[in-house]
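*Asks:* Have a peek at query.txt (compact mmCIF, C-alpha atoms).
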```
# COMPACT_ATOMS: atom_id res chain seq x y z
CA ASN A 1 -80.81 -27.24 27.32
CA ASP A 2 -79.19 -25.02 24.68
CA ASN A 3 -75.82 -24.31 23.09
CA PHE A 4 -75.07 -21.41 25.39
CA GLY A 5 -71.91 -22.81 26.98
CA ASP A 6 -70.07 -26.06 27.64
CA PRO A 7 -71.78 -28.00 30.43
CA GLN A 8 -68.81 -30.29 30.99
CA LEU A 9 -66.48 -27.34 31.51
CA GLY A 10 -69.18 -25.73 33.61
CA LYS A 11 -69.25 -28.61 36.03
CA ILE A 12 -65.49 -28.22 36.57
CA LYS A 13 -65.85 -24.48 37.10
CA ALA A 14 -68.71 -24.76 39.61
CA PRO A 15 -67.12 -26.01 42.85
CA SER A 16 -68.26 -23.04 44.90
CA CYS A 17 -71.82 -23.19 43.51
CA ILE A 18 -72.56 -26.72 44.65
CA PHE A 19 -72.02 -25.95 48.33
CA CYS A 20 -75.40 -24.16 48.44
CA HIS A 21 -77.09 -25.12 45.14
CA GLY A 22 -76.18 -28.84 45.16
CA VAL A 23 -74.16 -30.93 42.72
CA ASP A 24 -77.15 -31.21 40.40
CA GLY A 25 -78.61 -27.78 41.21
CA THR A 26 -81.01 -28.91 43.93
CA ALA A 27 -80.61 -26.54 46.86
CA SER A 28 -80.64 -28.14 50.30
CA ASN A 29 -81.67 -24.93 52.11
CA PRO A 30 -85.23 -23.77 51.28
CA THR A 31 -84.17 -20.13 51.24
CA TYR A 32 -81.81 -20.83 48.30
CA PRO A 33 -83.01 -21.44 44.75
CA HIS A 34 -82.91 -24.69 42.89
CA ILE A 35 -81.06 -24.03 39.64
CA LYS A 36 -81.23 -27.43 37.91
CA GLY A 37 -83.00 -27.22 34.59
CA GLN A 38 -83.22 -23.44 34.84
CA ASN A 39 -82.94 -21.49 31.60
CA ALA A 40 -79.22 -20.95 30.88
CA GLN A 41 -79.68 -17.41 29.64
CA TYR A 42 -81.51 -16.52 32.85
CA LEU A 43 -78.79 -18.07 35.02
CA PHE A 44 -76.13 -16.15 33.09
CA GLN A 45 -77.94 -12.82 33.41
CA SER A 46 -78.57 -13.38 37.12
CA MET A 47 -74.87 -13.97 37.72
CA LYS A 48 -73.98 -10.88 35.67
CA ASP A 49 -76.44 -8.89 37.79
CA TYR A 50 -74.72 -10.11 40.96
CA GLN A 51 -71.30 -9.21 39.51
CA ASP A 52 -72.54 -5.78 38.48
CA GLY A 53 -74.12 -5.03 41.87
CA LYS A 54 -77.66 -4.99 40.48
CA ARG A 55 -78.86 -7.26 43.29
CA LYS A 56 -78.62 -5.93 46.82
CA GLY A 57 -78.49 -7.47 50.28
CA PRO A 58 -76.26 -9.84 52.28
CA LEU A 59 -76.78 -12.88 50.04
CA ALA A 60 -76.29 -10.76 46.92
CA GLN A 61 -72.98 -9.54 48.39
CA MET A 62 -71.97 -13.15 49.01
CA MET A 63 -72.87 -14.09 45.45
CA LYS A 64 -70.92 -11.12 44.09
CA ALA A 65 -67.84 -12.22 46.01
CA GLN A 66 -68.20 -15.84 44.88
CA LEU A 67 -68.50 -14.77 41.24
CA SER A 68 -65.81 -12.07 41.28
CA ARG A 69 -63.11 -14.11 39.49
CA LEU A 70 -65.32 -15.73 36.85
CA SER A 71 -65.31 -14.56 33.20
CA ASP A 72 -68.38 -14.32 31.00
CA GLN A 73 -67.37 -17.61 29.37
CA ASP A 74 -67.06 -19.24 32.79
CA LEU A 75 -70.58 -18.02 33.61
CA ARG A 76 -71.91 -19.36 30.30
CA ASP A 77 -70.36 -22.76 30.95
CA ILE A 78 -71.68 -22.90 34.53
CA SER A 79 -75.12 -21.83 33.28
CA ALA A 80 -75.06 -24.60 30.67
CA TYR A 81 -74.10 -27.18 33.29
CA PHE A 82 -76.92 -26.46 35.74
CA SER A 83 -79.41 -25.90 32.93
CA SER A 84 -78.60 -29.40 31.61
CA GLN A 85 -79.43 -31.07 34.95
CA ASN A 86 -82.86 -32.62 35.40
CA ASN B 1 -93.77 -28.11 48.88
CA ASP B 2 -94.25 -26.56 52.33
CA ASN B 3 -96.90 -24.86 54.44
CA PHE B 4 -95.75 -21.39 53.54
CA GLY B 5 -98.96 -20.17 51.90
CA ASP B 6 -102.16 -21.40 50.26
CA PRO B 7 -101.42 -22.70 46.75
CA GLN B 8 -105.07 -22.64 45.70
CA LEU B 9 -105.42 -18.99 46.64
CA GLY B 10 -102.04 -18.38 45.03
CA LYS B 11 -103.23 -19.65 41.68
CA ILE B 12 -106.11 -17.16 41.77
CA LYS B 13 -103.77 -14.32 42.69
CA ALA B 14 -101.23 -15.07 39.95
CA PRO B 15 -102.85 -13.93 36.69
CA SER B 16 -100.08 -11.49 35.82
CA CYS B 17 -97.32 -14.01 36.64
CA ILE B 18 -98.42 -16.62 34.15
CA PHE B 19 -98.06 -14.35 31.14
CA CYS B 20 -94.26 -14.74 31.35
CA HIS B 21 -93.73 -17.62 33.80
CA GLY B 22 -96.44 -19.94 32.44
CA VAL B 23 -99.53 -21.41 34.09
CA ASP B 24 -97.42 -24.10 35.77
CA GLY B 25 -94.30 -21.94 36.17
CA THR B 26 -92.57 -23.01 32.97
CA ALA B 27 -91.30 -19.87 31.26
CA SER B 28 -91.73 -19.76 27.48
CA ASN B 29 -88.96 -17.19 26.95
CA PRO B 30 -85.45 -18.51 27.75
CA THR B 31 -84.42 -15.22 29.32
CA TYR B 32 -87.11 -15.63 32.01
CA PRO B 33 -86.83 -18.10 34.90
CA HIS B 34 -88.85 -21.23 35.33
CA ILE B 35 -90.43 -21.01 38.78
CA LYS B 36 -92.28 -24.33 39.02
CA GLY B 37 -91.08 -26.40 41.95
CA GLN B 38 -88.87 -23.56 43.14
CA ASN B 39 -88.46 -23.19 46.90
CA ALA B 40 -91.38 -21.11 48.19
CA GLN B 41 -89.27 -19.14 50.65
CA TYR B 42 -86.89 -18.21 47.84
CA LEU B 43 -89.74 -17.10 45.58
CA PHE B 44 -91.20 -14.99 48.40
CA GLN B 45 -87.87 -13.31 49.17
CA SER B 46 -87.22 -12.65 45.48
CA MET B 47 -90.58 -10.89 45.14
CA LYS B 48 -89.90 -8.88 48.31
CA ASP B 49 -86.54 -7.85 46.86
CA TYR B 50 -88.27 -6.64 43.69
CA GLN B 51 -90.84 -4.73 45.75
CA ASP B 52 -88.11 -3.17 47.88
CA GLY B 53 -85.99 -2.13 44.89
CA LYS B 54 -83.15 -4.51 45.75
CA ARG B 55 -83.01 -5.77 42.17
CA LYS B 56 -82.10 -3.27 39.47
CA GLY B 57 -82.64 -3.03 35.74
CA PRO B 58 -85.51 -2.87 33.25
CA LEU B 59 -86.93 -6.30 34.06
CA ALA B 60 -86.62 -5.64 37.78
CA GLN B 61 -88.57 -2.40 37.30
CA MET B 62 -91.25 -4.36 35.45
CA MET B 63 -91.40 -6.92 38.24
CA LYS B 64 -91.64 -4.18 40.88
CA ALA B 65 -94.59 -2.65 39.05
CA GLN B 66 -96.32 -6.01 38.64
CA LEU B 67 -95.94 -6.76 42.35
CA SER B 68 -96.77 -3.30 43.67
CA ARG B 69 -100.33 -4.11 44.83
CA LEU B 70 -99.62 -7.51 46.37
CA SER B 71 -99.46 -8.04 50.15
CA ASP B 72 -97.00 -10.32 51.91
CA GLN B 73 -99.76 -12.90 52.24
CA ASP B 74 -100.49 -12.66 48.52
CA LEU B 75 -96.80 -13.27 47.84
CA ARG B 76 -96.75 -16.28 50.19
CA ASP B 77 -99.79 -17.79 48.46
CA ILE B 78 -98.34 -17.21 45.00
CA SER B 79 -95.02 -18.69 46.15
CA ALA B 80 -96.85 -21.76 47.47
CA TYR B 81 -98.70 -22.19 44.19
CA PHE B 82 -95.67 -22.18 41.90
CA SER B 83 -93.60 -24.16 44.39
CA SER B 84 -96.27 -26.88 44.33
CA GLN B 85 -96.09 -27.30 40.54
CA ASN B 86 -93.96 -30.11 39.11
```
Starting from the file, lay out its structure as structure tokens.

*Replies:*
Amino acid sequence: NDNFGDPQLGKIKAPSCIFCHGVDGTASNPTYPHIKGQNAQYLFQSMKDYQDGKRKGPLAQMMKAQLSRLSDQDLRDISAYFSSQN
Amino acid sequence: NDNFGDPQLGKIKAPSCIFCHGVDGTASNPTYPHIKGQNAQYLFQSMKDYQDGKRKGPLAQMMKAQLSRLSDQDLRDISAYFSSQN
């Protein structure tokens, strides 16, 4: 819902996200967050925080590992994709 | 969207949440997350992580301070309230 990144590229870059967060950002497990329609800037900052070790705990470690090879532009595109889902 | 807490009590307990996250959980600032319809268990765990210092940074510090006087039951009720919003 903004010009933050390219949602079409983001969809291509998000294969590991959808396993827990769903193709359209609807999480199947109630302990995981829905991310569809979420603010893109918030999604980006959350992923940066995982990369930078600013979130702690087993799931945060998992997220850090999943995100380890993604650039800032990748994160912007992925954020734009899930933010654009309704 | 589950029996996790009491959404009606949660609404009463959430006055400081709505300033940034909105009365129905729709954040007005794009750097903040929407929380309406979010999984209640995820909201609860996120607030516990803030309380326990497992999220770092200026906004995490702010969240920790906001949540400092809330019990686990308060957090469950607040989670139920925002989770129930569409």

*Asks:* For segment 71-85 of chain B, find every residue with an atom within 6 Å (counting all atoms listed in the file), except residues of its own chain fewer than 6 positions away, and show them as a PyMOL selection string.

*Replies:* chain B and resi 1+5-7+10-11+24-25+36-40+43-44

*Asks:* Give me the residues within 12 Å of Ser46 of chain A as an NGL selection string, counting all atoms listed in the file and dropping any in the same chain fewer than 6 places off.

*Replies:* (:A and (33 or 35 or 38-40 or 52-55 or 60 or 63-64 or 67 or 72 or 75-76 or 79)) or (:B and (31-33 or 55-57 or 59-60))

*Asks:* Using Å and a single decimal, report how far atom CA of Gln61 of chain B sits from atom CA of Tyr50 of chain A.

*Replies:*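 Atom CA of Gln61 of chain B lies 16.3 Å from atom CA of Tyr50 of chain A.
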
*Asks:* Could you work out how far atom CA of Ser16 of chain B lies from atom CA of Gln66 of chain B, giving the answer in Å with one decimal?

*Replies:* 7.2 Å

*Asks:* Can you provide chain A as a compact mmCIF listing (two decimals) with C-alpha atoms, in the coordinates of the input, superposed onto chain B by least squares across all C-alpha atoms matched in order?

*Replies:*
```
# COMPACT_ATOMS: atom_id res chain seq x y z
CA ASN A 1 -93.77 -28.08 48.84
CA ASP A 2 -94.27 -26.56 52.30
CA ASN A 3 -96.92 -24.86 54.42
CA PHE A 4 -95.75 -21.39 53.53
CA GLY A 5 -98.96 -20.16 51.90
CA ASP A 6 -102.15 -21.39 50.25
CA PRO A 7 -101.41 -22.69 46.75
CA GLN A 8 -105.06 -22.63 45.70
CA LEU A 9 -105.40 -18.97 46.63
CA GLY A 10 -102.03 -18.37 45.02
CA LYS A 11 -103.21 -19.65 41.68
CA ILE A 12 -106.11 -17.16 41.78
CA LYS A 13 -103.77 -14.32 42.70
CA ALA A 14 -101.22 -15.07 39.96
CA PRO A 15 -102.84 -13.92 36.70
CA SER A 16 -100.08 -11.48 35.84
CA CYS A 17 -97.32 -14.01 36.64
CA ILE A 18 -98.43 -16.63 34.14
CA PHE A 19 -98.05 -14.34 31.14
CA CYS A 20 -94.25 -14.73 31.33
CA HIS A 21 -93.72 -17.62 33.79
CA GLY A 22 -96.45 -19.95 32.44
CA VAL A 23 -99.53 -21.41 34.10
CA ASP A 24 -97.43 -24.09 35.76
CA GLY A 25 -94.30 -21.96 36.18
CA THR A 26 -92.56 -23.03 32.97
CA ALA A 27 -91.31 -19.89 31.25
CA SER A 28 -91.73 -19.79 27.49
CA ASN A 29 -88.96 -17.20 26.95
CA PRO A 30 -85.45 -18.52 27.74
CA THR A 31 -84.42 -15.23 29.31
CA TYR A 32 -87.12 -15.65 32.00
CA PRO A 33 -86.84 -18.11 34.88
CA HIS A 34 -88.86 -21.24 35.33
CA ILE A 35 -90.44 -21.02 38.78
CA LYS A 36 -92.29 -24.35 39.03
CA GLY A 37 -91.08 -26.41 41.94
CA GLN A 38 -88.87 -23.57 43.15
CA ASN A 39 -88.45 -23.20 46.90
CA ALA A 40 -91.38 -21.11 48.20
CA GLN A 41 -89.27 -19.15 50.65
CA TYR A 42 -86.89 -18.20 47.84
CA LEU A 43 -89.74 -17.10 45.57
CA PHE A 44 -91.19 -14.99 48.39
CA GLN A 45 -87.87 -13.30 49.17
CA SER A 46 -87.21 -12.62 45.49
CA MET A 47 -90.56 -10.89 45.14
CA LYS A 48 -89.92 -8.87 48.32
CA ASP A 49 -86.55 -7.85 46.86
CA TYR A 50 -88.28 -6.64 43.69
CA GLN A 51 -90.85 -4.71 45.76
CA ASP A 52 -88.11 -3.17 47.88
CA GLY A 53 -85.99 -2.12 44.89
CA LYS A 54 -83.16 -4.50 45.76
CA ARG A 55 -83.02 -5.76 42.18
CA LYS A 56 -82.11 -3.27 39.49
CA GLY A 57 -82.63 -3.03 35.74
CA PRO A 58 -85.53 -2.87 33.26
CA LEU A 59 -86.95 -6.31 34.07
CA ALA A 60 -86.61 -5.65 37.80
CA GLN A 61 -88.58 -2.41 37.31
CA MET A 62 -91.26 -4.37 35.47
CA MET A 63 -91.41 -6.93 38.26
CA LYS A 64 -91.64 -4.18 40.88
CA ALA A 65 -94.59 -2.65 39.05
CA GLN A 66 -96.33 -6.01 38.64
CA LEU A 67 -95.94 -6.77 42.35
CA SER A 68 -96.77 -3.29 43.67
CA ARG A 69 -100.33 -4.10 44.84
CA LEU A 70 -99.63 -7.51 46.37
CA SER A 71 -99.44 -8.04 50.16
CA ASP A 72 -96.99 -10.32 51.91
CA GLN A 73 -99.76 -12.91 52.25
CA ASP A 74 -100.49 -12.66 48.52
CA LEU A 75 -96.79 -13.27 47.84
CA ARG A 76 -96.76 -16.27 50.19
CA ASP A 77 -99.78 -17.77 48.46
CA ILE A 78 -98.33 -17.19 44.98
CA SER A 79 -95.02 -18.68 46.14
CA ALA A 80 -96.83 -21.75 47.46
CA TYR A 81 -98.70 -22.18 44.18
CA PHE A 82 -95.66 -22.18 41.89
CA SER A 83 -93.59 -24.16 44.39
CA SER A 84 -96.28 -26.89 44.34
CA GLN A 85 -96.07 -27.30 40.54
CA ASN A 86 -93.95 -30.11 39.13
```

*Asks:* Smallest atom-to-atom distance to chain A: which of B:Ala14, B:Phe19, B:Ala27, B:Lys48, using all atoms listed in the file?

*Replies:*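 Ranking B:Ala14, B:Phe19, B:Ala27, B:Lys48 by distance to chain A, first place goes to B:Ala27.
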
*Asks:* Pick from B:Asn86, B:His21, B:Pro58, B:His34: nearest to chain A, with only C-alpha atoms counted?

*Replies:*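 Counting only C-alpha atoms, the residue closest to chain A is B:His34.
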
*Asks:* Just give me the gap between atom CA of Gln45 of chain A and atom CA of Leu70 of chain B in Å, one decimal is fine.

*Replies:*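 Rounded to one decimal, the two atoms are 25.8 Å apart.
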
*Asks:* Between A:Tyr42, A:Val23, A:Phe4, A:Ile12, which has the minimum distance to chain B (counting all atoms listed in the file)?

*Replies:*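 Among the listed residues, A:Tyr42 lies closest to chain B.
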
*Asks:* Which centre and which edge lengths, in Å to one decimal, describe the axis-aligned box that holds all listed atoms of segment 39-45 of chain A after 8 Å is added on each side, as AutoDock Vina command-line options?

*Replies:*
```
--center_x -79.5 --center_y -17.2 --center_z 32.3 --size_x 22.8 --size_y 24.7 --size_z 21.4
```

*Asks:* Can you work out which one of A:Asn29, A:Gln51, A:Gln8, A:Ser68 has the shortest atom-to-atom distance to chain B, counting all atoms listed in the file?

*Replies:* A:Asn29

*Asks:* With all atoms listed in the file as the basis for distance, which of A:Gly22, A:Leu9, A:Pro15, A:Pro30 is at the shortest distance from chain B?

*Replies:*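 With all atoms listed in the file as the atom set, the closest residue is A:Pro30.
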
*Asks:* Counting only C-alpha atoms, figure out which residue out of A:Gln41, A:Lys13, A:Met47, A:Ala65 gets nearest to chain B.

*Replies:*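 Closest residue, counting only C-alpha atoms: A:Gln41.
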